[in-house]
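Peer 1: Below are the structure tokens for one structure; questions will follow.
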Amino acid sequence: MLVSQPLLAADCVVLLHGLGRTSASLNKIASTLKAEGYLTANIHYPSRSDTIEKLAGPAIESGLSECRENNAERINVVTHSMGGILLRYYLENDNIDNLHRVVMLAPPNQGSQIVDFFRTVPGYILLNGPAGLQLGTNGDSVPLQLGTVDFDLGVIAGNRTINLILSQLLDNPDDGKVTVASTKVDGMCAFMEMPVTHAMMMRNNRVIGQIVNFLQTGRFKGEGAENNLCD
């Protein structure tokens with residue numbers, strides 16, 4: 001059960017979906033955050049149309065603009081999958097004034113071996129676009145070129161899969177797209193592994209509850225929560 005706490009400022013949450021998804025995939029998170037008193041900017045960006053470098057700025061600045069139009073005093077960000085890499089790339093080159101907390105769901109922070117396997121398969125780039133080729137673990141990997149995070153970050157990883165074929169390409173445990181280990185990044189402040197899949201974790205009530213917990217307190221709660229990692 002979620003317990004509302006008074007916000008210390010006009011907090012806004014920018015939501016960034018993953019590769020091949022739309023903002024609709026984060027609607028349940030957005031609705032819950034609104035009920036908790038947050039302003040929200042649930043951003044759709046054309047994830048398969050360009051590279052991470054070209055997608056990151058417009059997507060994130062669109063969210064920041066929405067928050068500022070609503071007079072937000074603090075900015076939070078919640079991402080799914082590749083959305084987290086867009087944010088990390090953006091913050092390597094730009095600042096977000098009054099950035100408060102960030103939650104990443106299943107981010108491929110160390111890349112995914114699935115991209116390595118399928119990158120030469122005909123049709124892969126048509127399905128996943130230029131950005132999809134940048135999420136592997138080879139020399140073209142954008143995640144592996146990014147540095148340590150220096151913001152208040154909580155990461156949630158899934159350890160369930162319904163795609164047994166793709167999971168055979170990954171080290172266990174995994175969520176069907178990324179391994180639990182590959183979601184981690186140096187500098188994160190909290191980490192939690194949960195029994196959810198990559199494709200559906202954004203709609204899981206327990207995951208959403210942990211998002212709220214972290215945004216409100218900077219901590220995940222319950223068995224398995226790893227906190228104070230950046231102290």
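FYI, nothing fancy with the structure tokens labels: chains A, B, ... in order, residues from 1 per chain, ligands from 1 as they appear.
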Can you pull out every residue within 9 Å of Ile29 in chain A, counting only C-alpha atoms, but drop anything in the same chain fewer than 6 positions away, and send it as a list in words?
Peer 2: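 Listing them by chain and then by number gives Leu15, Val78, Met202, Arg203, Asn205, Ile208 and Ile211 of chain A.
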Peer 1: Suppose we keep C-alpha atoms; can you now write the selection as a compact mmCIF listing (two decimals), in the first residue's frame?
Peer 2:
# COMPACT_ATOMS: atom_id res chain seq x y z
CA LEU A 15 8.87 9.71 -17.77
CA VAL A 78 11.59 7.69 -14.22
CA MET A 202 6.15 -0.83 -15.76
CA ARG A 203 2.59 -1.99 -14.98
CA ASN A 205 1.94 -2.52 -8.67
CA ILE A 208 5.32 1.24 -9.00
CA ILE A 211 9.23 3.95 -7.56
Peer 1: Residues within 9 Å of Met82 in chain A, please, as a list in words. Count only C-alpha atoms; anything in the same chain fewer than 2 positions from it doesn't count.
Peer 2: Leu16, His17, Gly18, Leu19, Ser47, Ile52, Thr79, His80, Gly84, Ile85, Leu86, Leu87, Ala106, Pro107, Pro108, Asn109, Ala131, Gly132 and Leu135 of chain A
Peer 1: Looking only at helix (DSSP H, G or I) from DSSP on the backbone, list the matching residues of range 58-222 of chain A as a short mmCIF file (atom, residue, chain, number, x, y, z; two decimals) with C-alpha atoms, in the first residue's frame.
Peer 2:
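Dumped to part.cif:
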data_model
loop_
_atom_site.label_atom_id
_atom_site.label_comp_id
_atom_site.auth_asym_id
_atom_site.auth_seq_id
_atom_site.Cartn_x
_atom_site.Cartn_y
_atom_site.Cartn_z
CA PRO A 58 14.75 16.54 -27.76
CA ALA A 59 13.09 13.89 -25.59
CA ILE A 60 14.45 15.10 -22.28
CA GLU A 61 14.15 18.79 -23.07
CA SER A 62 10.52 18.24 -24.01
CA GLY A 63 9.92 16.77 -20.56
CA LEU A 64 11.81 19.55 -18.81
CA SER A 65 9.81 22.14 -20.73
CA GLU A 66 6.51 20.58 -19.60
CA CYS A 67 7.66 20.55 -16.00
CA ARG A 68 8.80 24.16 -16.08
CA GLU A 69 5.59 25.30 -17.75
CA MET A 82 16.67 2.56 -23.19
CA GLY A 83 15.07 5.66 -21.65
CA GLY A 84 17.68 5.39 -18.90
CA ILE A 85 20.52 5.45 -21.42
CA LEU A 86 19.05 8.57 -23.04
CA LEU A 87 19.10 10.26 -19.65
CA ARG A 88 22.65 9.17 -18.86
CA TYR A 89 23.87 10.39 -22.26
CA TYR A 90 22.12 13.72 -21.79
CA LEU A 91 23.64 14.24 -18.34
CA GLU A 92 27.13 13.55 -19.70
CA ASN A 93 26.79 16.74 -21.73
CA GLN A 113 24.28 -9.48 -25.44
CA ILE A 114 21.03 -9.83 -27.37
CA VAL A 115 22.02 -6.83 -29.50
CA ASP A 116 25.42 -8.39 -30.15
CA PHE A 117 23.77 -11.57 -31.41
CA PHE A 118 21.09 -10.02 -33.59
CA TYR A 124 17.08 -6.07 -37.03
CA ILE A 125 17.85 -2.44 -37.79
CA LEU A 126 14.43 -1.99 -39.42
CA LEU A 127 12.79 -3.28 -36.26
CA ASN A 128 14.94 -1.49 -33.70
CA GLY A 129 16.45 1.47 -35.55
CA PRO A 130 19.90 3.03 -35.17
CA ALA A 131 19.57 3.36 -31.40
CA GLY A 132 18.88 -0.35 -31.11
CA PRO A 143 26.13 2.59 -22.40
CA LEU A 144 29.72 1.36 -22.04
CA GLN A 145 31.05 4.74 -23.15
CA LEU A 164 13.00 -18.41 -23.19
CA ILE A 165 14.74 -18.10 -26.58
CA LEU A 166 16.23 -14.68 -25.87
CA SER A 167 17.05 -15.65 -22.31
CA ALA A 181 23.97 -7.61 -13.50
CA SER A 182 23.88 -5.41 -16.61
CA THR A 183 21.35 -3.02 -15.09
CA MET A 201 7.39 -4.38 -15.12
CA MET A 202 6.15 -0.83 -15.76
CA ARG A 203 2.59 -1.99 -14.98
CA ASN A 205 1.94 -2.52 -8.67
CA ARG A 206 4.88 -3.54 -6.49
CA VAL A 207 7.35 -1.96 -8.90
CA ILE A 208 5.32 1.24 -9.00
CA GLY A 209 5.20 1.25 -5.21
CA GLN A 210 8.98 1.08 -5.09
CA ILE A 211 9.23 3.95 -7.56
CA VAL A 212 7.14 6.09 -5.22
CA ASN A 213 9.19 4.95 -2.22
CA PHE A 214 12.43 6.03 -3.86
CA LEU A 215 11.13 9.35 -5.15
CA GLN A 216 9.82 10.19 -1.69
CA THR A 217 12.64 8.89 0.49
#
Peer 1: Check the smallest atom-to-atom distance from each of A:Arg21, A:Lys177, A:Lys34, A:Lys28 to Ser112 in chain A using only C-alpha atoms, then report the winner.
Peer 2: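 Ranked by minimum distance to Ser112 in chain A, first place goes to A:Lys177.
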Peer 1: Hey, what's within 7 Å of Asp11 in chain A if we count only C-alpha atoms and toss same-chain stuff fewer than 3 positions away? As number ranges by chain, please?
Peer 2: A: 7, 38-39, 72-75
Peer 1: Got a sec: who's within 9 Å of Gly176 in chain A, counting only C-alpha atoms, leaving out chain neighbours fewer than 4 positions off, as number ranges by chain?
Peer 2: A: 158-168, 170, 197-199
Peer 1: Just the selected residues (N, CA and C atoms), exported as a compact mmCIF listing (two decimals), in the first residue's frame, please.
Peer 2:
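As a result, result-v4.txt now contains:
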# COMPACT_ATOMS: atom_id res chain seq x y z
N GLY A 158 14.49 -6.71 -13.22
CA GLY A 158 13.60 -7.86 -13.20
C GLY A 158 14.38 -9.15 -13.36
N ASN A 159 13.86 -10.23 -12.77
CA ASN A 159 14.54 -11.52 -12.90
C ASN A 159 13.61 -12.63 -13.39
N ARG A 160 12.55 -12.24 -14.09
CA ARG A 160 11.63 -13.21 -14.68
C ARG A 160 11.59 -13.00 -16.18
N THR A 161 11.36 -14.07 -16.92
CA THR A 161 11.31 -13.96 -18.38
C THR A 161 10.21 -14.84 -18.94
N ILE A 162 9.60 -14.36 -20.01
CA ILE A 162 8.64 -15.19 -20.76
C ILE A 162 9.20 -15.50 -22.14
N ASN A 163 10.40 -14.98 -22.41
CA ASN A 163 11.05 -15.21 -23.70
C ASN A 163 12.23 -16.14 -23.50
N LEU A 164 11.97 -17.44 -23.50
CA LEU A 164 13.00 -18.41 -23.19
C LEU A 164 14.09 -18.46 -24.26
N ILE A 165 13.73 -18.09 -25.51
CA ILE A 165 14.74 -18.10 -26.58
C ILE A 165 15.77 -17.00 -26.34
N LEU A 166 15.30 -15.78 -26.12
CA LEU A 166 16.23 -14.68 -25.87
C LEU A 166 17.01 -14.89 -24.58
N SER A 167 16.38 -15.45 -23.59
CA SER A 167 17.05 -15.65 -22.31
C SER A 167 18.23 -16.62 -22.42
N GLN A 168 18.20 -17.50 -23.42
CA GLN A 168 19.33 -18.41 -23.62
C GLN A 168 20.60 -17.66 -24.03
N LEU A 170 21.47 -14.84 -22.64
CA LEU A 170 21.83 -14.00 -21.51
C LEU A 170 22.27 -14.83 -20.31
N THR A 197 9.07 -9.14 -15.43
CA THR A 197 9.67 -9.23 -16.75
C THR A 197 9.97 -7.84 -17.31
N HIS A 198 10.85 -7.80 -18.29
CA HIS A 198 11.23 -6.54 -18.92
C HIS A 198 10.02 -5.84 -19.54
N ALA A 199 9.19 -6.61 -20.21
CA ALA A 199 8.10 -6.02 -20.99
C ALA A 199 6.97 -5.49 -20.14
Peer 1: DSSP on the backbone, strand (DSSP E) only: what residues of range 27-159 of chain A does that give? Format it as a list in words.
Peer 2: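 Answer for range 27-159 of chain A restricted to strand (DSSP E) is Leu39, Thr40, Ala41, Asn42, Ile43, Arg74, Ile75, Asn76, Val77, Val78, Thr79, His80, Leu99, His100, Arg101, Val102, Val103, Met104, Leu105, Leu153, Gly154, Val155, Ile156, Ala157 and Gly158 of chain A.
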